[in-house]
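The next block is upload.cif, given as mmCIF, N, CA, C and O atoms.
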```
data_input
loop_
_atom_site.label_atom_id
_atom_site.label_comp_id
_atom_site.auth_asym_id
_atom_site.auth_seq_id
_atom_site.Cartn_x
_atom_site.Cartn_y
_atom_site.Cartn_z
N MET A 1 0.85 -1.17 0.00
CA MET A 1 0.00 0.00 0.00
C MET A 1 0.89 1.22 0.00
O MET A 1 1.79 1.34 0.81
N PRO A 2 0.65 2.16 -0.91
CA PRO A 2 1.44 3.38 -0.96
C PRO A 2 1.28 4.19 0.32
O PRO A 2 0.27 4.09 1.00
N GLY A 3 2.27 5.01 0.61
CA GLY A 3 2.25 5.78 1.84
C GLY A 3 1.72 7.19 1.70
O GLY A 3 1.46 7.85 2.68
N SER A 4 1.55 7.69 0.48
CA SER A 4 1.11 9.08 0.33
C SER A 4 0.33 9.26 -0.96
O SER A 4 0.39 8.43 -1.87
N ALA A 5 -0.40 10.37 -1.05
CA ALA A 5 -1.16 10.69 -2.26
C ALA A 5 -0.22 10.85 -3.45
O ALA A 5 -0.56 10.47 -4.57
N ARG A 6 0.98 11.37 -3.21
CA ARG A 6 1.97 11.53 -4.28
C ARG A 6 2.35 10.17 -4.85
O ARG A 6 2.41 9.99 -6.06
N GLU A 7 2.58 9.18 -3.96
CA GLU A 7 2.96 7.85 -4.42
C GLU A 7 1.81 7.18 -5.18
O GLU A 7 2.04 6.51 -6.19
N VAL A 8 0.58 7.39 -4.73
CA VAL A 8 -0.58 6.86 -5.45
C VAL A 8 -0.63 7.47 -6.84
O VAL A 8 -0.82 6.77 -7.84
N GLY A 9 -0.47 8.77 -6.92
CA GLY A 9 -0.48 9.46 -8.21
C GLY A 9 0.59 8.95 -9.15
O GLY A 9 0.33 8.71 -10.33
N HIS A 10 1.79 8.76 -8.63
CA HIS A 10 2.89 8.25 -9.47
C HIS A 10 2.58 6.84 -9.95
O HIS A 10 2.83 6.50 -11.11
N ALA A 11 2.05 6.02 -9.07
CA ALA A 11 1.72 4.64 -9.45
C ALA A 11 0.64 4.64 -10.53
O ALA A 11 0.74 3.89 -11.51
N GLU A 12 -0.37 5.46 -10.37
CA GLU A 12 -1.44 5.52 -11.37
C GLU A 12 -0.91 6.01 -12.71
O GLU A 12 -1.34 5.53 -13.77
N GLU A 13 0.03 6.96 -12.69
CA GLU A 13 0.66 7.43 -13.93
C GLU A 13 1.37 6.29 -14.66
O GLU A 13 1.47 6.28 -15.87
N GLU A 14 1.86 5.32 -13.89
CA GLU A 14 2.58 4.19 -14.47
C GLU A 14 1.64 3.04 -14.83
O GLU A 14 2.09 1.98 -15.25
N GLY A 15 0.33 3.23 -14.66
CA GLY A 15 -0.63 2.22 -15.07
C GLY A 15 -1.15 1.32 -13.97
O GLY A 15 -1.92 0.39 -14.25
N VAL A 16 -0.78 1.57 -12.72
CA VAL A 16 -1.29 0.77 -11.61
C VAL A 16 -2.77 1.08 -11.41
O VAL A 16 -3.18 2.23 -11.43
N VAL A 17 -3.57 0.03 -11.23
CA VAL A 17 -4.99 0.18 -10.92
C VAL A 17 -5.19 -0.34 -9.51
O VAL A 17 -4.89 -1.50 -9.22
N PHE A 18 -5.66 0.50 -8.62
CA PHE A 18 -5.89 0.10 -7.23
C PHE A 18 -7.30 -0.47 -7.09
O PHE A 18 -8.26 0.11 -7.60
N GLU A 19 -7.41 -1.60 -6.43
CA GLU A 19 -8.71 -2.21 -6.13
C GLU A 19 -9.01 -1.91 -4.66
O GLU A 19 -8.67 -2.69 -3.78
N TRP A 20 -9.62 -0.77 -4.41
CA TRP A 20 -9.93 -0.37 -3.04
C TRP A 20 -11.08 -1.24 -2.51
O TRP A 20 -11.95 -1.65 -3.26
N LEU A 21 -11.09 -1.47 -1.23
CA LEU A 21 -12.11 -2.28 -0.56
C LEU A 21 -12.27 -3.64 -1.24
O LEU A 21 -13.35 -4.05 -1.64
N ALA A 22 -11.15 -4.32 -1.37
CA ALA A 22 -11.12 -5.69 -1.90
C ALA A 22 -10.19 -6.50 -1.02
O ALA A 22 -9.17 -5.99 -0.54
N ALA A 23 -10.53 -7.77 -0.81
CA ALA A 23 -9.71 -8.66 0.03
C ALA A 23 -9.28 -9.87 -0.78
O ALA A 23 -10.13 -10.56 -1.34
N PRO A 24 -7.97 -10.12 -0.87
CA PRO A 24 -7.53 -11.31 -1.60
C PRO A 24 -7.97 -12.58 -0.87
O PRO A 24 -7.98 -12.63 0.36
N ARG A 25 -8.37 -13.59 -1.65
CA ARG A 25 -8.79 -14.88 -1.08
C ARG A 25 -7.78 -15.98 -1.37
O ARG A 25 -7.49 -16.80 -0.51
N ALA A 26 -7.28 -16.01 -2.60
CA ALA A 26 -6.38 -17.09 -3.00
C ALA A 26 -5.62 -16.69 -4.25
O ALA A 26 -6.09 -15.85 -5.03
N VAL A 27 -4.48 -17.32 -4.44
CA VAL A 27 -3.73 -17.18 -5.68
C VAL A 27 -4.16 -18.34 -6.57
O VAL A 27 -4.18 -19.49 -6.15
N ALA A 28 -4.54 -18.02 -7.80
CA ALA A 28 -5.01 -19.04 -8.74
C ALA A 28 -3.88 -19.43 -9.68
O ALA A 28 -3.02 -18.62 -10.01
N GLY A 29 -3.88 -20.67 -10.08
CA GLY A 29 -2.89 -21.14 -11.03
C GLY A 29 -2.65 -22.62 -10.87
O GLY A 29 -3.36 -23.32 -10.14
N GLN A 30 -1.64 -23.08 -11.57
CA GLN A 30 -1.26 -24.49 -11.53
C GLN A 30 0.23 -24.57 -11.28
O GLN A 30 0.89 -23.54 -11.11
N ALA A 31 0.77 -25.77 -11.30
CA ALA A 31 2.19 -25.96 -11.05
C ALA A 31 3.05 -25.18 -12.05
O ALA A 31 4.16 -24.78 -11.74
N SER A 32 2.50 -24.92 -13.23
CA SER A 32 3.26 -24.20 -14.26
C SER A 32 3.33 -22.70 -14.00
O SER A 32 4.14 -22.00 -14.62
N GLY A 33 2.52 -22.16 -13.09
CA GLY A 33 2.60 -20.74 -12.79
C GLY A 33 1.29 -20.14 -12.31
O GLY A 33 0.25 -20.80 -12.27
N VAL A 34 1.36 -18.89 -11.98
CA VAL A 34 0.21 -18.12 -11.47
C VAL A 34 -0.63 -17.64 -12.64
O VAL A 34 -0.10 -17.24 -13.66
N SER A 35 -1.96 -17.67 -12.45
CA SER A 35 -2.84 -17.13 -13.49
C SER A 35 -3.66 -15.94 -12.98
O SER A 35 -4.24 -15.21 -13.76
N GLY A 36 -3.73 -15.77 -11.66
CA GLY A 36 -4.49 -14.65 -11.14
C GLY A 36 -4.66 -14.70 -9.63
O GLY A 36 -4.09 -15.56 -8.96
N VAL A 37 -5.45 -13.78 -9.14
CA VAL A 37 -5.77 -13.70 -7.72
C VAL A 37 -7.29 -13.67 -7.58
O VAL A 37 -7.96 -12.89 -8.27
N LYS A 38 -7.82 -14.51 -6.72
CA LYS A 38 -9.25 -14.51 -6.42
C LYS A 38 -9.46 -13.55 -5.25
O LYS A 38 -8.73 -13.60 -4.27
N ALA A 39 -10.44 -12.66 -5.39
CA ALA A 39 -10.66 -11.64 -4.36
C ALA A 39 -12.15 -11.44 -4.11
O ALA A 39 -12.99 -11.92 -4.87
N ALA A 40 -12.46 -10.72 -3.05
CA ALA A 40 -13.84 -10.40 -2.69
C ALA A 40 -13.97 -8.89 -2.51
O ALA A 40 -13.10 -8.24 -1.94
N ARG A 41 -15.05 -8.35 -3.01
CA ARG A 41 -15.34 -6.92 -2.81
C ARG A 41 -15.86 -6.73 -1.39
O ARG A 41 -16.55 -7.57 -0.83
N MET A 42 -15.52 -5.58 -0.82
CA MET A 42 -15.91 -5.23 0.54
C MET A 42 -16.63 -3.88 0.53
O MET A 42 -16.56 -3.14 -0.44
N ARG A 43 -17.30 -3.59 1.62
CA ARG A 43 -17.88 -2.27 1.85
C ARG A 43 -17.56 -1.90 3.29
O ARG A 43 -17.23 -2.77 4.10
N LEU A 44 -17.68 -0.63 3.62
CA LEU A 44 -17.46 -0.21 5.00
C LEU A 44 -18.74 -0.44 5.80
O LEU A 44 -19.82 0.01 5.40
N GLY A 45 -18.62 -1.14 6.91
CA GLY A 45 -19.76 -1.43 7.76
C GLY A 45 -20.03 -0.29 8.73
O GLY A 45 -19.44 0.79 8.65
N ALA A 46 -20.91 -0.56 9.65
CA ALA A 46 -21.25 0.44 10.68
C ALA A 46 -20.05 0.69 11.58
O ALA A 46 -19.24 -0.21 11.80
N PRO A 47 -19.92 1.90 12.11
CA PRO A 47 -18.81 2.18 13.01
C PRO A 47 -18.88 1.32 14.28
O PRO A 47 -19.96 1.08 14.82
N GLY A 48 -17.71 0.85 14.73
CA GLY A 48 -17.62 0.10 15.97
C GLY A 48 -17.50 1.04 17.15
O GLY A 48 -17.61 2.27 17.00
N PRO A 49 -17.24 0.51 18.35
CA PRO A 49 -17.12 1.34 19.56
C PRO A 49 -16.02 2.40 19.45
O PRO A 49 -16.10 3.46 20.07
N ASP A 50 -15.00 2.11 18.64
CA ASP A 50 -13.90 3.06 18.47
C ASP A 50 -14.18 4.09 17.38
O ASP A 50 -13.36 4.96 17.10
N GLY A 51 -15.35 3.96 16.70
CA GLY A 51 -15.72 4.90 15.65
C GLY A 51 -15.22 4.49 14.27
O GLY A 51 -15.58 5.11 13.28
N ARG A 52 -14.41 3.45 14.21
CA ARG A 52 -13.85 3.01 12.93
C ARG A 52 -14.83 2.09 12.22
O ARG A 52 -15.40 1.19 12.81
N GLN A 53 -15.00 2.32 10.91
CA GLN A 53 -15.83 1.44 10.10
C GLN A 53 -14.98 0.27 9.62
O GLN A 53 -13.97 0.46 8.95
N ALA A 54 -15.37 -0.93 9.97
CA ALA A 54 -14.63 -2.12 9.56
C ALA A 54 -15.15 -2.61 8.21
O ALA A 54 -16.34 -2.49 7.91
N PRO A 55 -14.25 -3.15 7.36
CA PRO A 55 -14.71 -3.69 6.08
C PRO A 55 -15.59 -4.92 6.29
O PRO A 55 -15.34 -5.75 7.16
N VAL A 56 -16.64 -5.02 5.47
CA VAL A 56 -17.58 -6.14 5.50
C VAL A 56 -17.68 -6.67 4.08
O VAL A 56 -17.81 -5.90 3.12
N GLU A 57 -17.61 -7.99 3.94
CA GLU A 57 -17.67 -8.60 2.62
C GLU A 57 -19.04 -8.39 1.98
O GLU A 57 -20.07 -8.47 2.65
N ILE A 58 -19.04 -8.10 0.68
CA ILE A 58 -20.28 -7.97 -0.09
C ILE A 58 -20.63 -9.35 -0.63
O ILE A 58 -19.83 -9.97 -1.34
N GLU A 59 -21.82 -9.85 -0.27
CA GLU A 59 -22.25 -11.17 -0.73
C GLU A 59 -22.31 -11.19 -2.25
O GLU A 59 -22.86 -10.28 -2.88
N GLY A 60 -21.70 -12.20 -2.85
CA GLY A 60 -21.66 -12.31 -4.30
C GLY A 60 -20.64 -11.40 -4.95
O GLY A 60 -20.64 -11.23 -6.17
N GLY A 61 -19.77 -10.81 -4.16
CA GLY A 61 -18.79 -9.85 -4.68
C GLY A 61 -17.45 -10.46 -5.06
O GLY A 61 -16.48 -9.73 -5.20
N ASP A 62 -17.38 -11.77 -5.23
CA ASP A 62 -16.12 -12.40 -5.61
C ASP A 62 -15.75 -12.02 -7.05
O ASP A 62 -16.62 -11.89 -7.91
N PHE A 63 -14.45 -11.85 -7.30
CA PHE A 63 -13.98 -11.53 -8.65
C PHE A 63 -12.56 -12.04 -8.80
O PHE A 63 -11.89 -12.37 -7.83
N ASP A 64 -12.10 -12.15 -10.04
CA ASP A 64 -10.76 -12.62 -10.37
C ASP A 64 -9.96 -11.50 -10.99
O ASP A 64 -10.46 -10.75 -11.83
N LEU A 65 -8.70 -11.39 -10.58
CA LEU A 65 -7.76 -10.45 -11.17
C LEU A 65 -6.71 -11.27 -11.91
O LEU A 65 -5.99 -12.07 -11.30
N PRO A 66 -6.58 -11.11 -13.24
CA PRO A 66 -5.55 -11.86 -13.95
C PRO A 66 -4.17 -11.38 -13.52
O PRO A 66 -3.97 -10.18 -13.26
N ALA A 67 -3.24 -12.30 -13.37
CA ALA A 67 -1.87 -11.94 -12.96
C ALA A 67 -0.90 -13.01 -13.43
O ALA A 67 -1.21 -14.19 -13.42
N GLY A 68 0.27 -12.58 -13.84
CA GLY A 68 1.33 -13.50 -14.22
C GLY A 68 2.37 -13.62 -13.13
O GLY A 68 3.22 -14.51 -13.17
N LEU A 69 2.32 -12.72 -12.16
CA LEU A 69 3.27 -12.70 -11.05
C LEU A 69 2.57 -12.13 -9.84
O LEU A 69 1.87 -11.12 -9.95
N VAL A 70 2.74 -12.74 -8.68
CA VAL A 70 2.17 -12.24 -7.43
C VAL A 70 3.30 -12.10 -6.44
O VAL A 70 4.07 -13.03 -6.22
N ILE A 71 3.41 -10.92 -5.83
CA ILE A 71 4.43 -10.67 -4.82
C ILE A 71 3.72 -10.47 -3.50
O ILE A 71 2.92 -9.55 -3.35
N LYS A 72 3.99 -11.34 -2.55
CA LYS A 72 3.37 -11.23 -1.23
C LYS A 72 3.89 -9.98 -0.52
O LYS A 72 5.07 -9.68 -0.55
N ALA A 73 2.99 -9.25 0.11
CA ALA A 73 3.40 -8.07 0.86
C ALA A 73 4.29 -8.48 2.02
O ALA A 73 4.02 -9.47 2.70
N LEU A 74 5.35 -7.73 2.23
CA LEU A 74 6.31 -8.07 3.27
C LEU A 74 6.15 -7.28 4.54
O LEU A 74 6.75 -7.60 5.54
N GLY A 75 5.38 -6.21 4.52
CA GLY A 75 5.17 -5.42 5.72
C GLY A 75 5.93 -4.12 5.70
O GLY A 75 6.49 -3.72 4.69
N PHE A 76 5.96 -3.45 6.84
CA PHE A 76 6.55 -2.13 6.92
C PHE A 76 8.00 -2.12 7.37
O PHE A 76 8.70 -1.14 7.19
N ASP A 77 8.44 -3.17 8.02
CA ASP A 77 9.81 -3.22 8.50
C ASP A 77 10.71 -3.92 7.49
O ASP A 77 10.25 -4.79 6.75
N PRO A 78 11.99 -3.56 7.46
CA PRO A 78 12.91 -4.22 6.53
C PRO A 78 12.93 -5.74 6.76
O PRO A 78 12.85 -6.21 7.88
N GLU A 79 12.99 -6.47 5.66
CA GLU A 79 13.04 -7.93 5.70
C GLU A 79 14.34 -8.38 5.03
O GLU A 79 14.84 -7.68 4.15
N PRO A 80 14.84 -9.54 5.38
CA PRO A 80 15.99 -10.09 4.66
C PRO A 80 15.49 -10.68 3.33
O PRO A 80 15.36 -11.89 3.17
N VAL A 81 15.18 -9.79 2.38
CA VAL A 81 14.53 -10.20 1.14
C VAL A 81 15.30 -11.30 0.41
O VAL A 81 14.71 -12.26 -0.07
N ALA A 82 16.61 -11.18 0.33
CA ALA A 82 17.39 -12.19 -0.39
C ALA A 82 17.18 -13.58 0.22
O ALA A 82 17.12 -14.57 -0.50
N ALA A 83 17.02 -13.67 1.52
CA ALA A 83 16.81 -14.96 2.18
C ALA A 83 15.43 -15.53 1.86
O ALA A 83 15.23 -16.74 1.93
N LEU A 84 14.46 -14.67 1.50
CA LEU A 84 13.13 -15.14 1.17
C LEU A 84 13.06 -15.77 -0.21
O LEU A 84 12.14 -16.51 -0.52
N PHE A 85 14.02 -15.46 -1.08
CA PHE A 85 14.08 -15.98 -2.44
C PHE A 85 15.44 -16.63 -2.65
O PHE A 85 16.30 -16.08 -3.31
N PRO A 86 15.65 -17.81 -2.07
CA PRO A 86 16.99 -18.40 -2.08
C PRO A 86 17.50 -18.83 -3.44
O PRO A 86 18.71 -18.89 -3.63
N ARG A 87 16.64 -19.16 -4.39
CA ARG A 87 17.10 -19.65 -5.68
C ARG A 87 16.46 -18.87 -6.80
O ARG A 87 15.29 -18.50 -6.72
N ALA A 88 17.20 -18.70 -7.87
CA ALA A 88 16.63 -18.16 -9.09
C ALA A 88 16.13 -19.33 -9.92
O ALA A 88 16.57 -20.45 -9.75
N GLY A 89 15.21 -19.09 -10.78
CA GLY A 89 14.69 -20.13 -11.65
C GLY A 89 13.63 -19.55 -12.54
O GLY A 89 13.41 -18.35 -12.55
N PRO A 90 12.93 -20.41 -13.29
CA PRO A 90 11.88 -19.91 -14.17
C PRO A 90 10.83 -19.14 -13.37
O PRO A 90 10.35 -19.60 -12.36
N ARG A 91 10.53 -17.95 -13.84
CA ARG A 91 9.48 -17.10 -13.25
C ARG A 91 9.77 -16.75 -11.79
O ARG A 91 8.88 -16.56 -10.99
N ARG A 92 11.03 -16.67 -11.44
CA ARG A 92 11.41 -16.26 -10.08
C ARG A 92 12.36 -15.08 -10.16
O ARG A 92 13.05 -14.88 -11.14
N LEU A 93 12.42 -14.34 -9.09
CA LEU A 93 13.35 -13.22 -9.01
C LEU A 93 14.68 -13.72 -8.47
O LEU A 93 14.72 -14.56 -7.59
N ALA A 94 15.76 -13.17 -8.98
CA ALA A 94 17.07 -13.42 -8.39
C ALA A 94 17.47 -12.14 -7.68
O ALA A 94 17.35 -11.04 -8.23
N LEU A 95 17.91 -12.24 -6.44
CA LEU A 95 18.26 -11.07 -5.65
C LEU A 95 19.69 -11.17 -5.18
O LEU A 95 20.16 -12.23 -4.76
N GLY A 96 20.37 -10.04 -5.21
CA GLY A 96 21.72 -9.99 -4.66
C GLY A 96 21.66 -10.16 -3.15
O GLY A 96 20.87 -9.51 -2.48
N ALA A 97 22.48 -11.05 -2.62
CA ALA A 97 22.44 -11.38 -1.19
C ALA A 97 22.73 -10.17 -0.31
O ALA A 97 22.13 -10.00 0.75
N ARG A 98 23.63 -9.31 -0.72
CA ARG A 98 23.98 -8.16 0.12
C ARG A 98 23.15 -6.93 -0.20
O ARG A 98 22.75 -6.19 0.69
N SER A 99 22.87 -6.72 -1.50
CA SER A 99 22.18 -5.48 -1.90
C SER A 99 20.66 -5.61 -1.85
O SER A 99 19.96 -4.64 -1.69
N GLY A 100 20.14 -6.85 -2.06
CA GLY A 100 18.70 -7.03 -2.14
C GLY A 100 18.13 -6.56 -3.48
O GLY A 100 16.94 -6.60 -3.70
N LEU A 101 19.02 -6.17 -4.42
CA LEU A 101 18.57 -5.71 -5.73
C LEU A 101 18.30 -6.90 -6.63
O LEU A 101 18.95 -7.93 -6.55
N THR A 102 17.31 -6.75 -7.51
CA THR A 102 17.04 -7.83 -8.45
C THR A 102 18.15 -7.88 -9.50
O THR A 102 18.76 -6.88 -9.83
N CYS A 103 18.42 -9.08 -9.97
CA CYS A 103 19.43 -9.25 -11.01
C CYS A 103 18.96 -10.33 -11.96
O CYS A 103 18.01 -11.06 -11.69
N ALA A 104 19.60 -10.44 -13.11
CA ALA A 104 19.20 -11.41 -14.13
C ALA A 104 19.30 -12.82 -13.59
O ALA A 104 20.28 -13.19 -12.95
N ALA A 105 18.28 -13.61 -13.82
CA ALA A 105 18.28 -15.01 -13.36
C ALA A 105 18.84 -15.90 -14.44
O ALA A 105 18.81 -15.63 -15.58
#
```
Could you show the structure in this file as structure tokens?
Amino acid sequence: MPGSAREVGHAEEEGVVFEWLAAPRAVAGQASGVSGVKAARMRLGAPGPDGRQAPVEIEGGDFDLPAGLVIKALGFDPEPVAALFPRAGPRRLALGARSGLTCAA
């Protein structure tokens, strides 16, 4: 998730389409690779005791997003990314162990 309106704007300029109020359910595909992500549409429910509206699934709101590559979100803190992708291979990223930069596989 982008951290600022500027980052959202830059991403949209590059062709990123944000699916707001959607929850991923599963990665679709076969042993040969990923074909998409199965997701559910959500809406904001009634405010809770803290005043925050929690997302609520819309019945019948399931949809598929075509994808050739899915990158799991790693969170906000630095991760040892190179350790998460130990081998390069078909349809995989190769990362430099020290730099964490992608390189040709």
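Comparing the minimum interatomic distances between Gly61 (chain A) and each of A:Leu44, A:Ala23, A:Val34, A:Ala5, counting all atoms listed in the file, we find that A:Ala23 sits nearest.
From atom N of Pro24 (chain A) back to CA of Val37 (chain A), the distance works out to 8.0 Å.
The space between atom O of Pro47 (chain A) and atom N of Leu21 (chain A) spans 18.5 Å.
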So that all listed atoms of region 47-66 of chain A fit with 5 Å spare on each side, what axis-aligned box centre and edge lengths in Å, to one decimal, would you give as AutoDock Vina command-line options?
```
--center_x -13.4 --center_y -3.8 --center_z 3.1 --size_x 28.9 --size_y 27.7 --size_z 44.0
```
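The space separating atom O of Lys38 (chain A) from atom C of Ala54 (chain A) comes to 17.8 Å.
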Checklist entry - Just so the selection is clear, what residues does the PyMOL selection byres ((chain A and resi 40) around 8) cover here, as JSON, numbers by chain? => result {"A": [19, 20, 21, 22, 23, 24, 25, 26, 37, 38, 39, 41, 42, 43, 56, 57, 58, 60, 61, 62, 63, 64]}
Next on the checklist: When DSSP is applied to the backbone of this structure, which of region 3-56 of chain A are assigned alpha helix (DSSP H)? Write them out as a PyMOL selection string.
Outcome noted: chain A and resi 5-13
Item to check | Best match for closeness to Gly29 (chain A) among A:Pro66, A:Glu7, A:Gly48, A:Lys72, counting only C-alpha atoms | outcome: A:Pro66
Checklist entry - Written as a ChimeraX atom specification, what is the full residue list that the PyMOL selection byres (((chain A and resi 33 and name CA) around 12) and name CA) yields on the file shown? => result /A:27-32,34-36,67-70,90-92
